[in-house]
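J.: Sending over a structure as structure tokens; questions will come in a sec.
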Amino acid sequence: MERSTPKISVVVRTCQRPEVLRTALDSLLKQTFHDFEVVVVEDGVPTAQKMLEEEYSTLNYRYAASGKKTGRSCVGNMGLAMARGKYINFLDDDDAFLPNHLKT
């Protein structure tokens, strides 16, 4: 499910720890505001890709991995370049949003 111009892009940076990323993504599934996309960018090899495909197919997400360790700032810039929303929000993989975060 992909929208051409979402209101908000949530850029989620991760680094080879899909078990931690799961909590962040679950909090995005619970949002009361729905006009958003999720841009997951992974620093290094694509460790989270399979989990995303298998568990988060209903989430409006796009995914990219840098292929090698480039650092948090580089993958953040990669996510910004991929984002299409009018507004940008960062969510670290080890954090979570309350259900009304994007609506507020």
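By order of appearance in the structure tokens: chains A, B, ..., then residues from 1 within every chain, and ligands from 1 in the order shown.
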So which residues touch A:Pro18 within 8 Å, counting only C-alpha atoms, skipping near sequence neighbours fewer than 4 positions away, as a list in words?
T.: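 Near neighbours after the sequence-gap exclusion: Thr14, Arg22, Thr47, Ala48 and Met51 of chain A.
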J.: Applying 10 Å and only C-alpha atoms, which residues near A:Asp95 remain after dropping the ones on its own chain fewer than 5 positions away? List them as a list in words.
T.: Val12, Val20, Leu21, Arg22, Thr23, Ala24, Leu25 and Ser27 of chain A
J.: Which is closer to A:Gln16 than all the others in A:Lys69, A:Gln31, A:Arg62, A:Arg84, using only C-alpha atoms?
T.: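 The closest residue to A:Gln16 is A:Lys69.
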J.: What's around stretch 85-91 of chain A at 8 Å? Count only C-alpha atoms, leave out sequence neighbours fewer than 4 positions away in its own chain, and write the answer as an MDAnalysis selection string.
T.: chainID A and resid 5:13 24 36:37 80 95:97
J.: With C-alpha atoms retained, export the selected residues as a PDB file, in the first residue's frame.
T.:
```pdb
ATOM      1  CA  THR A   5       2.172  12.175  -1.580  1.00  0.00           C
ATOM      2  CA  PRO A   6       1.784  11.428   2.119  1.00  0.00           C
ATOM      3  CA  LYS A   7       1.382  14.266   4.588  1.00  0.00           C
ATOM      4  CA  ILE A   8       4.150  12.919   6.852  1.00  0.00           C
ATOM      5  CA  SER A   9       7.245  10.814   6.238  1.00  0.00           C
ATOM      6  CA  VAL A  10       8.589   8.962   9.261  1.00  0.00           C
ATOM      7  CA  VAL A  11      12.257   8.121   8.748  1.00  0.00           C
ATOM      8  CA  VAL A  12      13.363   5.160  10.848  1.00  0.00           C
ATOM      9  CA  ARG A  13      17.083   4.486  11.041  1.00  0.00           C
ATOM     10  CA  ALA A  24       9.115   1.151  16.666  1.00  0.00           C
ATOM     11  CA  PHE A  36       1.946   8.890   6.462  1.00  0.00           C
ATOM     12  CA  GLU A  37       4.671   6.761   4.977  1.00  0.00           C
ATOM     13  CA  LEU A  80      15.491  12.147   3.873  1.00  0.00           C
ATOM     14  CA  ASP A  95      12.005   4.219  20.425  1.00  0.00           C
ATOM     15  CA  ALA A  96       8.232   4.287  19.951  1.00  0.00           C
ATOM     16  CA  PHE A  97       5.476   6.822  19.297  1.00  0.00           C
TER      17      PHE A  97
END
```
J.: One decimal, Å: what's the distance from atom CA of A:Thr32 over to atom CA of A:Asn100, could you say?
T.: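 If I compute the distance from atom CA of A:Thr32 to atom CA of A:Asn100, I get 5.6 Å.
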J.: With only C-alpha atoms as the atoms that count, which of A:Leu59, A:Ala64, A:Met82, A:Val75 lies nearest to A:His34?
T.: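 Closest residue, counting only C-alpha atoms: A:Leu59.
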J.: Report, in Å to a single decimal, how far apart atom CA of A:Ser57 and atom CA of A:Cys15 are.
T.: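 Straight-line distance from atom CA of A:Cys15 to atom CA of A:Ser57 works out to 20.4 Å.
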J.: Do a neighbour search on A:Tyr61 at 8 Å with only C-alpha atoms, toss out local chain neighbours closer than 2 positions, and write the hits as a list in words.
T.: Glu2, Glu37, Val38, Val39, Val40, Leu59 and Tyr63 of chain A
J.: Dump N, CA and C atoms for the selected residues as an mmCIF file, in the first residue's frame?
T.:
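Result file out_3.cif:
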```cif
data_model
loop_
_atom_site.group_PDB
_atom_site.id
_atom_site.type_symbol
_atom_site.label_atom_id
_atom_site.label_comp_id
_atom_site.auth_asym_id
_atom_site.auth_seq_id
_atom_site.Cartn_x
_atom_site.Cartn_y
_atom_site.Cartn_z
ATOM 1 N N GLU A 2 0.904 1.985 -1.085
ATOM 2 C CA GLU A 2 1.782 3.130 -1.199
ATOM 3 C C GLU A 2 1.012 4.329 -1.718
ATOM 4 N N GLU A 37 3.856 7.856 5.489
ATOM 5 C CA GLU A 37 4.671 6.761 4.977
ATOM 6 C C GLU A 37 5.802 6.524 5.968
ATOM 7 N N VAL A 38 6.367 5.333 5.918
ATOM 8 C CA VAL A 38 7.512 4.992 6.750
ATOM 9 C C VAL A 38 8.676 4.700 5.819
ATOM 10 N N VAL A 39 9.794 5.335 6.086
ATOM 11 C CA VAL A 39 11.006 5.103 5.314
ATOM 12 C C VAL A 39 12.006 4.457 6.268
ATOM 13 N N VAL A 40 12.235 3.168 6.099
ATOM 14 C CA VAL A 40 13.178 2.441 6.941
ATOM 15 C C VAL A 40 14.508 2.380 6.207
ATOM 16 N N LEU A 59 1.827 -1.975 6.374
ATOM 17 C CA LEU A 59 2.383 -0.657 6.678
ATOM 18 C C LEU A 59 2.879 -0.015 5.385
ATOM 19 N N TYR A 63 11.913 0.663 2.007
ATOM 20 C CA TYR A 63 13.102 0.184 2.728
ATOM 21 C C TYR A 63 14.328 0.284 1.838
#
```
J.: Suppose you want the space between atom CA of A:Ser66 and atom CA of A:Gly44; what is it in Å?
T.: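 Between atom CA of A:Ser66 and atom CA of A:Gly44 the gap is 5.2 Å.
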J.: Mind the document's chain letters and residue numbers, and return as a count of residues only the residues of chain A that DSSP labels alpha helix (DSSP H).
T.: 30
J.: Would you give me, as a list in words, the residues in stretch 46-96 of chain A that DSSP reads as strand (DSSP E)?
T.: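 Selecting the strand (DSSP E) positions of stretch 46-96 of chain A gives Tyr61, Arg62, Tyr63, Ala64, Ala65, Tyr87, Ile88, Asn89, Phe90, Leu91 and Asp92 of chain A.
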J.: Pull C-alpha atoms from the residues just selected and write them as an mmCIF file, in the first residue's frame.
T.:
```cif
data_model
loop_
_atom_site.group_PDB
_atom_site.id
_atom_site.type_symbol
_atom_site.label_atom_id
_atom_site.label_comp_id
_atom_site.auth_asym_id
_atom_site.auth_seq_id
_atom_site.Cartn_x
_atom_site.Cartn_y
_atom_site.Cartn_z
ATOM 1 C CA TYR A 61 6.773 1.617 4.032
ATOM 2 C CA ARG A 62 9.796 1.772 1.803
ATOM 3 C CA TYR A 63 13.102 0.184 2.728
ATOM 4 C CA ALA A 64 16.721 0.631 1.762
ATOM 5 C CA ALA A 65 20.024 -0.568 3.170
ATOM 6 C CA TYR A 87 6.586 16.958 6.880
ATOM 7 C CA ILE A 88 9.435 14.773 8.131
ATOM 8 C CA ASN A 89 9.655 12.994 11.471
ATOM 9 C CA PHE A 90 12.503 10.807 12.717
ATOM 10 C CA LEU A 91 11.890 7.740 14.860
ATOM 11 C CA ASP A 92 14.874 5.787 16.122
#
```
J.: Which is closest to A:Arg72 among A:Asp94, A:Glu55, A:Asp43, A:Asn60, if we use only C-alpha atoms?
T.: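 Closest residue, counting only C-alpha atoms: A:Asp43.
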